[in-house]
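Below is the file run.txt, which contains compact mmCIF, C-alpha atoms.
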# COMPACT_ATOMS: atom_id res chain seq x y z
CA MET A 806 95.24 155.57 22.97
CA SER A 807 97.71 158.40 23.66
CA ARG A 808 96.85 161.29 25.97
CA SER A 809 96.57 163.72 23.03
CA ALA A 810 94.35 161.33 21.11
CA LEU A 811 92.21 160.82 24.19
CA GLY A 812 91.86 164.59 24.46
CA ILE A 813 90.61 164.79 20.89
CA VAL A 814 88.01 162.09 21.50
CA VAL A 815 86.83 163.71 24.75
CA ALA A 816 86.59 167.07 22.99
CA THR A 817 84.62 165.48 20.16
CA LEU A 818 82.20 163.89 22.61
CA ALA A 819 81.73 167.22 24.37
CA ILE A 820 81.27 169.18 21.13
CA SER A 821 78.93 166.52 19.79
CA ALA A 822 76.86 166.68 22.96
CA LEU A 823 76.64 170.47 22.73
CA TRP A 824 75.75 170.34 19.03
CA ALA A 825 73.10 167.70 19.70
CA SER A 826 71.61 169.81 22.48
CA VAL A 827 71.33 172.79 20.15
CA LEU A 828 69.76 170.85 17.28
CA TYR A 829 67.70 168.62 19.54
CA PRO A 830 66.77 170.59 22.67
CA GLY A 831 65.79 167.48 24.63
CA GLY A 832 69.45 166.43 24.58
CA LYS A 833 68.57 162.78 23.97
CA ALA A 834 71.03 162.28 21.13
CA ALA A 835 73.83 163.64 23.30
CA LEU A 836 72.95 161.30 26.16
CA VAL A 837 72.78 158.27 23.86
CA LEU A 838 76.15 159.14 22.33
CA LEU A 839 77.79 159.72 25.71
CA ASP A 840 76.36 156.58 27.30
CA VAL A 841 77.34 154.30 24.41
CA TYR A 842 80.81 155.59 23.58
CA SER A 843 82.31 157.39 26.58
CA PRO A 844 83.01 154.15 28.56
CA ALA A 845 84.93 152.69 25.61
CA PHE A 846 86.95 155.79 24.73
CA VAL A 847 87.17 157.72 28.01
CA GLY A 848 86.81 154.95 30.60
CA THR A 849 83.89 156.68 32.33
CA ASP A 850 80.18 156.75 31.53
CA LEU A 851 79.72 160.50 31.22
CA ALA A 852 75.95 160.21 30.82
CA ALA A 853 75.69 158.45 34.20
CA LEU A 854 77.27 161.49 35.84
CA ILE A 855 74.50 163.84 34.67
CA THR A 856 71.35 161.68 34.68
CA PRO A 857 69.42 159.84 37.42
CA GLU A 858 69.69 156.07 37.50
CA PRO A 859 66.89 154.42 35.47
CA ARG A 860 64.31 152.32 37.31
CA ALA A 861 64.70 148.65 36.33
CA THR A 862 62.01 146.01 36.91
CA ASP A 863 61.04 142.55 35.63
CA THR A 864 57.52 141.22 35.08
CA ARG A 865 55.88 138.08 33.68
CA GLU A 866 53.60 138.70 30.71
CA THR A 867 51.82 136.63 28.06
CA PHE A 868 51.84 137.75 24.43
CA GLY A 869 50.12 135.82 21.66
CA GLY A 870 49.46 133.02 24.13
CA LEU A 871 53.16 132.71 24.99
CA PRO A 872 54.30 133.48 28.57
CA MET A 873 57.66 135.17 29.00
CA ARG A 874 59.86 137.35 31.16
CA VAL A 875 59.86 141.07 30.35
CA SER A 876 62.55 143.50 31.52
CA TRP A 877 61.71 147.20 31.81
CA TRP A 878 63.77 150.35 32.19
CA ARG A 879 62.08 153.64 33.01
CA PRO A 880 63.72 157.07 33.20
CA GLY A 881 64.52 158.28 36.70
CA TRP A 882 62.07 161.15 36.31
CA GLY A 883 58.47 161.69 35.22
CA ASP A 884 55.53 159.35 34.70
CA ARG A 885 54.95 159.46 30.93
CA HIS A 886 57.55 158.85 28.25
CA PRO A 887 57.98 157.85 24.60
CA ALA A 888 58.56 154.11 24.36
CA ILE A 889 60.90 151.67 22.62
CA MET A 890 60.59 147.88 22.51
CA ILE A 891 63.85 145.98 22.01
CA VAL A 892 63.68 142.73 20.06
CA ASN A 893 66.85 140.91 21.05
CA GLY A 894 68.94 138.70 18.82
CA ALA A 895 69.02 134.92 19.17
CA THR A 896 71.20 134.96 22.26
CA PRO A 897 71.01 131.88 24.51
CA VAL A 898 71.26 134.07 27.63
CA GLY A 899 68.13 136.00 26.67
CA ASN A 900 67.54 139.10 28.75
CA GLU A 901 70.81 138.58 30.60
CA ASN A 902 72.74 139.64 27.49
CA ALA A 903 74.99 142.39 28.84
CA ALA A 904 75.04 144.54 25.70
CA THR A 905 71.25 144.53 25.43
CA ARG A 906 70.78 145.38 29.10
CA GLN A 907 73.21 148.27 28.81
CA PHE A 908 71.33 149.52 25.76
CA GLY A 909 68.11 149.47 27.79
CA VAL A 910 69.80 151.64 30.42
CA THR A 911 71.14 153.96 27.70
CA LEU A 912 67.70 154.55 26.20
CA ALA A 913 66.13 155.06 29.63
CA ARG A 914 68.79 157.65 30.52
CA ALA A 915 67.80 159.46 27.33
CA GLY A 916 64.14 159.58 28.43
CA TYR A 917 62.52 156.46 26.96
CA LEU A 918 60.43 153.77 28.58
CA VAL A 919 62.18 150.60 27.42
CA MET A 920 60.60 147.15 27.12
CA LEU A 921 62.67 144.00 26.52
CA PRO A 922 60.56 140.84 26.09
CA GLU A 923 62.47 137.58 26.42
CA PHE A 924 60.92 135.84 23.43
CA PRO A 925 61.44 132.09 24.01
CA PHE A 926 61.97 131.27 20.33
CA LEU A 927 64.83 133.78 20.11
CA LYS A 928 66.46 132.61 23.33
CA GLU A 929 66.21 128.99 22.15
CA GLY A 930 67.37 129.79 18.62
CA ARG A 931 64.18 128.49 16.98
CA LEU A 932 62.54 129.75 13.80
CA ASP A 933 58.91 129.93 14.88
CA ALA A 934 56.38 130.64 12.13
CA ASP A 935 54.20 132.37 14.73
CA ALA A 936 57.00 134.69 15.89
CA PRO A 937 55.84 137.83 14.00
CA ARG A 938 52.39 137.60 15.62
CA VAL A 939 53.90 137.21 19.10
CA VAL A 940 56.33 140.12 18.62
CA ASP A 941 53.46 142.28 17.37
CA ALA A 942 51.33 141.40 20.41
CA ALA A 943 54.17 142.51 22.70
CA PHE A 944 54.39 145.86 20.93
CA ALA A 945 50.61 146.30 21.15
CA HIS A 946 50.92 145.85 24.93
CA LEU A 947 53.60 148.55 25.13
CA ARG A 948 51.55 150.94 23.04
CA GLY A 949 48.50 150.39 25.23
CA LEU A 950 50.16 151.32 28.53
CA PRO A 951 48.72 154.47 30.18
CA GLU A 952 52.24 155.89 30.63
CA THR A 953 52.93 155.73 26.86
CA ARG A 954 49.53 156.95 25.65
CA GLY A 955 49.86 159.89 23.30
CA ARG A 956 53.63 159.47 23.06
CA ALA A 957 55.73 158.11 20.20
CA ALA A 958 56.43 154.37 20.31
CA GLY A 959 58.83 152.36 18.18
CA ALA A 960 60.88 149.19 18.13
CA PHE A 961 64.57 148.37 17.90
CA GLY A 962 65.59 144.95 16.58
CA ALA A 963 69.01 143.34 16.68
CA SER A 964 70.33 140.56 14.46
CA VAL A 965 67.79 137.77 13.83
CA GLY A 966 65.30 139.57 16.07
CA ALA A 967 65.40 142.55 13.69
CA GLY A 968 64.36 140.38 10.77
CA ILE A 969 61.39 139.02 12.70
CA MET A 970 60.43 142.55 13.82
CA LEU A 971 60.42 143.79 10.20
CA ALA A 972 58.43 140.75 9.06
CA ALA A 973 55.88 141.58 11.76
CA ALA A 974 55.71 145.23 10.71
CA GLY A 975 54.69 144.17 7.21
CA SER A 976 52.15 141.55 8.23
CA GLN A 977 50.72 142.50 11.65
CA PRO A 978 48.66 145.52 12.79
CA ALA A 979 50.47 147.01 15.81
CA LEU A 980 54.02 147.30 14.46
CA ALA A 981 52.63 148.58 11.16
CA ARG A 982 51.59 151.65 13.17
CA ALA A 983 54.92 152.08 14.96
CA ASP A 984 56.39 155.57 14.76
CA HIS A 985 59.82 154.19 13.87
CA LEU A 986 61.73 150.94 13.45
CA SER A 987 65.48 150.64 13.99
CA VAL A 988 67.67 147.72 12.96
CA LEU A 989 71.12 146.69 14.12
CA GLY A 990 72.67 144.06 11.87
CA GLY A 991 69.50 142.29 10.74
CA TYR A 992 68.61 140.09 7.79
CA PHE A 993 66.29 141.09 4.94
CA ASP A 994 65.64 137.85 3.07
CA LEU A 995 65.84 134.55 4.92
CA TYR A 996 66.76 132.64 1.75
CA THR A 997 69.76 134.79 0.86
CA TYR A 998 70.84 135.02 4.49
CA VAL A 999 70.84 131.26 4.93
CA ALA A 1000 72.59 130.82 1.57
CA SER A 1001 75.30 133.21 2.79
CA VAL A 1002 75.84 131.16 5.95
CA ALA A 1003 75.88 127.94 3.91
CA SER A 1004 78.29 129.13 1.21
CA ARG A 1005 80.38 131.55 3.26
CA SER A 1006 79.72 134.23 0.69
CA GLN A 1007 77.31 137.09 0.18
CA GLY A 1008 75.37 138.07 -2.90
CA VAL A 1009 75.83 141.83 -2.95
CA PRO A 1010 73.06 143.51 -5.00
CA ALA A 1011 74.13 144.51 -8.54
CA ALA A 1012 77.59 142.99 -7.95
CA ALA A 1013 79.38 139.67 -7.98
CA THR A 1014 79.17 137.33 -5.00
CA THR A 1015 81.94 138.05 -2.52
CA PRO A 1016 83.47 135.96 0.31
CA TRP A 1017 81.96 136.31 3.76
CA GLN A 1018 82.98 134.45 6.90
CA PRO A 1019 80.12 133.82 9.32
CA SER A 1020 80.80 133.60 13.03
CA ALA A 1021 81.11 130.21 14.70
CA GLU A 1022 77.80 130.87 16.46
CA ALA A 1023 75.96 131.61 13.21
CA SER A 1024 77.51 128.56 11.54
CA GLU A 1025 76.48 126.32 14.43
CA ARG A 1026 72.98 127.63 15.17
CA ILE A 1027 71.50 128.58 11.77
CA PRO A 1028 71.62 125.13 10.05
CA PRO A 1029 69.73 123.19 12.76
CA ALA A 1030 67.25 126.07 13.22
CA ILE A 1031 66.34 126.11 9.51
CA GLU A 1032 66.17 122.34 9.34
CA ALA A 1033 63.95 122.07 12.42
CA ALA A 1034 61.58 124.70 11.01
CA MET A 1035 60.83 122.60 7.91
CA PRO A 1036 57.51 120.69 7.86
CA ASP A 1037 58.73 117.26 6.65
CA ASP A 1038 61.75 115.05 5.98
CA ALA A 1039 61.87 115.92 2.27
CA ASP A 1040 62.26 119.63 3.02
CA ARG A 1041 64.75 118.94 5.79
CA GLU A 1042 66.90 117.02 3.30
CA LYS A 1043 66.76 119.96 0.88
CA VAL A 1044 67.99 122.23 3.66
CA ARG A 1045 70.84 119.84 4.44
CA ALA A 1046 71.70 119.79 0.73
CA ALA A 1047 71.81 123.60 0.74
CA PHE A 1048 74.40 123.54 3.48
CA ARG A 1049 76.49 121.15 1.41
CA ALA A 1050 76.46 123.53 -1.57
CA ALA A 1051 79.75 124.80 -2.94
CA ASP A 1052 78.51 128.28 -3.80
CA HIS A 1053 75.87 130.88 -2.95
CA GLU A 1054 73.68 130.35 -6.02
CA THR A 1055 73.51 126.58 -5.56
CA ALA A 1056 72.62 126.96 -1.88
CA LEU A 1057 69.93 129.48 -2.80
CA GLU A 1058 68.51 127.21 -5.51
CA ARG A 1059 68.27 124.25 -3.12
CA LEU A 1060 66.57 126.33 -0.45
CA ARG A 1061 64.04 127.61 -2.96
CA SER A 1062 63.20 124.04 -3.96
CA VAL A 1063 61.42 123.32 -0.67
CA SER A 1064 57.68 122.59 -0.67
CA ALA A 1065 54.90 125.16 -0.46
CA ARG A 1066 54.67 124.54 3.27
CA GLY A 1067 58.42 125.07 3.62
CA HIS A 1068 58.14 128.30 1.65
CA ALA A 1069 55.34 129.46 3.95
CA VAL A 1070 57.72 129.26 6.92
CA LEU A 1071 60.64 131.01 5.21
CA ASP A 1072 58.46 133.63 3.50
CA GLY A 1073 56.60 134.41 6.72
CA LEU A 1074 59.88 135.24 8.48
CA SER A 1075 61.39 137.22 5.58
CA PRO A 1076 60.95 141.01 5.59
CA SER A 1077 61.56 140.97 1.83
CA THR A 1078 58.19 139.31 1.18
CA VAL A 1079 56.25 142.12 2.92
CA TRP A 1080 58.69 145.00 2.46
CA ALA A 1081 56.28 147.11 0.41
CA SER A 1082 53.79 146.86 3.30
CA VAL A 1083 56.12 148.17 6.05
CA PRO A 1084 54.84 151.74 6.61
CA PRO A 1085 57.07 153.09 9.45
CA PRO A 1086 60.39 154.78 8.71
CA VAL A 1087 63.24 152.27 8.97
CA PHE A 1088 66.69 153.22 10.29
CA TRP A 1089 69.29 150.51 9.69
CA ILE A 1090 72.79 150.24 11.22
CA HIS A 1091 75.07 147.53 9.85
CA ASP A 1092 78.70 146.79 10.65
CA PRO A 1093 80.47 146.22 7.31
CA ASP A 1094 82.38 143.31 8.87
CA ASP A 1095 79.37 141.79 10.65
CA ALA A 1096 79.94 138.04 11.03
CA TYR A 1097 76.35 137.26 12.03
CA GLU A 1098 74.43 138.82 9.12
CA PRO A 1099 76.31 139.97 6.01
CA LEU A 1100 76.17 143.59 4.89
CA SER A 1101 74.51 142.39 1.67
CA GLU A 1102 71.26 141.98 3.61
CA ALA A 1103 71.20 145.69 4.49
CA LEU A 1104 72.14 146.67 0.94
CA ALA A 1105 69.32 144.53 -0.44
CA ALA A 1106 66.83 146.26 1.86
CA GLU A 1107 68.12 149.65 0.76
CA ALA A 1108 67.74 148.72 -2.92
CA ALA A 1109 64.25 147.21 -2.60
CA PRO A 1110 61.29 149.48 -3.50
CA ARG A 1111 59.28 150.70 -0.53
CA PRO A 1112 57.13 153.80 -0.02
CA GLY A 1113 58.36 154.52 3.52
CA ARG A 1114 61.57 156.26 4.51
CA PHE A 1115 64.78 154.22 4.80
CA ARG A 1116 68.19 155.27 6.05
CA LEU A 1117 71.27 153.06 6.23
CA VAL A 1118 74.49 153.84 8.07
CA VAL A 1119 77.55 151.55 7.88
CA PRO A 1120 79.77 152.48 10.84
CA ARG A 1121 83.09 150.94 11.84
CA LEU A 1122 82.77 151.68 15.55
CA LEU A 1123 80.60 148.62 16.06
CA GLN A 1124 81.23 144.89 15.99
CA HIS A 1125 77.75 143.47 15.43
CA ALA A 1126 76.07 144.75 18.61
CA GLU A 1127 78.99 146.07 20.65
CA VAL A 1128 81.49 148.92 20.48
CA SER A 1129 84.54 147.79 18.49
CA THR A 1130 87.49 147.05 20.76
CA GLY A 1131 89.93 148.03 18.01
CA ALA A 1132 88.31 151.30 16.97
CA ALA A 1133 90.47 153.51 19.18
CA ALA A 1134 93.64 152.00 17.71
CA ARG A 1135 92.71 153.36 14.29
CA GLY A 1136 93.41 156.88 15.49
CA PRO A 1137 91.49 159.92 16.71
CA LEU A 1138 90.54 161.23 13.27
CA PHE A 1139 88.89 157.91 12.44
CA VAL A 1140 86.98 157.93 15.74
CA VAL A 1141 85.92 161.56 15.31
CA GLY A 1142 84.59 160.95 11.80
CA GLU A 1143 82.70 157.83 12.84
CA LEU A 1144 81.20 159.53 15.90
CA TRP A 1145 80.04 162.40 13.71
CA ASN A 1146 78.30 160.05 11.28
CA LEU A 1147 76.64 158.17 14.12
CA LEU A 1148 75.56 161.39 15.81
CA THR A 1149 73.78 162.67 12.70
CA PHE A 1150 72.13 159.28 12.30
CA THR A 1151 71.05 159.25 15.95
CA LEU A 1152 69.61 162.74 15.65
CA ASP A 1153 67.60 161.61 12.64
CA VAL A 1154 66.15 158.68 14.56
CA LEU A 1155 65.35 160.66 17.70
CA ARG A 1156 63.52 163.39 15.78
CA VAL A 1157 61.02 160.67 14.93
CA ALA A 1158 61.23 158.80 18.23
CA GLY A 1159 60.16 161.82 20.30
Could I get this file's structure written as structure tokens?
Amino acid sequence: MSRSALGIVVATLAISALWASVLYPGGKAALVLLDVYSPAFVGTDLAALITPEPRATDTRETFGGLPMRVSWWRPGWGDRHPAIMIVNGATPVGNENAATRQFGVTLARAGYLVMLPEFPFLKEGRLDADAPRVVDAAFAHLRGLPETRGRAAGAFGASVGAGIMLAAAGSQPALARADHLSVLGGYFDLYTYVASVASRSQGVPAAATTPWQPSAEASERIPPAIEAAMPDDADREKVRAAFRAADHETALERLRSVSARGHAVLDGLSPSTVWASVPPPVFWIHDPDDAYEPLSEALAAEAAPRPGRFRLVVPRLLQHAEVSTGAAARGPLFVVGELWNLLTFTLDVLRVAG
């Protein structure tokens, strides 16, 4: 980026921070914006220069009968804070995922107590029918801590973890009472998501099916995970047949032909089946070029009837869960416009998050 372009981006970050501080006196939106984007565009974490270092710890906890590691980040000041639980994607490195850890630091700098459970089924890439109950038990633990009592508490889910979080919010008691739910690149319906991976296409609501190229990781990990989740050989063969399908509709038809027990697994992990029973406001961020979950999943959620509030933003500064490495090359006006959209979205979320 040229020196003049860099100056425009720095000025935008500064103006955005000032504007956020005026509209949101706690300044949390400004800190989130600075911490996420200033390293990529300025080369320095501006938020780290003006906030104390968060306190990071790890514990061992058991949720829903399942023991796991839990990583925590607490603000460097005070004893009581609003809380956010992060539900990670299906990353094989679990809580060592660098982007997730940095996000925990970002939220703690902005004043949140952050909890990151290392759910074994997500780390191992398994589709566990009991996952929504376990995720809900973890959130109930966070909500019950003395240091979060009386404060807002919500959850942030990424990728496959976001889908499980939303399924839990529509079927389990604790997440149904969350103050807010945020999604980064999640799935809405497990059938259509798997059909998209199988057919390399996405069924955009109210439009024709369009090409979509899943990442190598999604192509490698989703087929065996779906197959292993099926209750018998007959259903496993139907899943294999779906991945041999030539088009989205055929893949979807073959998936929907599984037995009642197979449907119980897929339905139980699909937010679409309980969407009308998800009370908290949902804030959804989806990269239009996401190669892990297609944008069609977010559009389907937006189009589906639900009494609660829903807001979708489709930014081009992100690549799935990380800042786009090519964003700066698209010019300062592009970056400024995208930062502005993300700032207004962040302000909207943080008004609810406390």
Quick one: everything within 7 Å of Pro1076 (chain A), counting all atoms listed in the file, minus sequence neighbours fewer than 3 positions away in the same chain. Send it as a PyMOL selection string.
chain A and resi 968+971-972+993-994+1079-1080
Please determine, counting all atoms listed in the file, which residue among A:Ala1021, A:Val999, A:Leu1152, A:Ala1051 has the shortest atom-to-atom distance to Val965 (chain A).
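Result for the nearest residue to Val965 (chain A): A:Val999.
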Of A:Leu1057, A:Ala1096, A:Ala1046, A:Ala974, the one sitting nearest Ser987 (chain A) when using all atoms listed in the file is A:Ala974
As JSON, please: the centre and edge lengths in Å, to one decimal, of an axis-aligned box enclosing every listed atom of region 892-910 of chain A with 4 Å added on each side.
{"center_x": 69.4, "center_y": 141.8, "center_z": 24.7, "size_x": 19.4, "size_y": 27.8, "size_z": 19.8}
Test item: residues at most 12 Å from Ala1105 (chain A), all atoms listed in the file, excluding those fewer than 6 positions along its chain, as a list in words:
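Residues near the query, excluding close chain neighbours: Gly991, Tyr992, Phe993, Asp994, Leu995, Thr997, Tyr998, Gln1007, Gly1008, Val1009, Pro1010, Ala1011, Ala1012, Pro1076, Ser1077, Trp1080, Trp1089, Pro1099, Arg1111, Phe1115 and Leu1117 of chain A.
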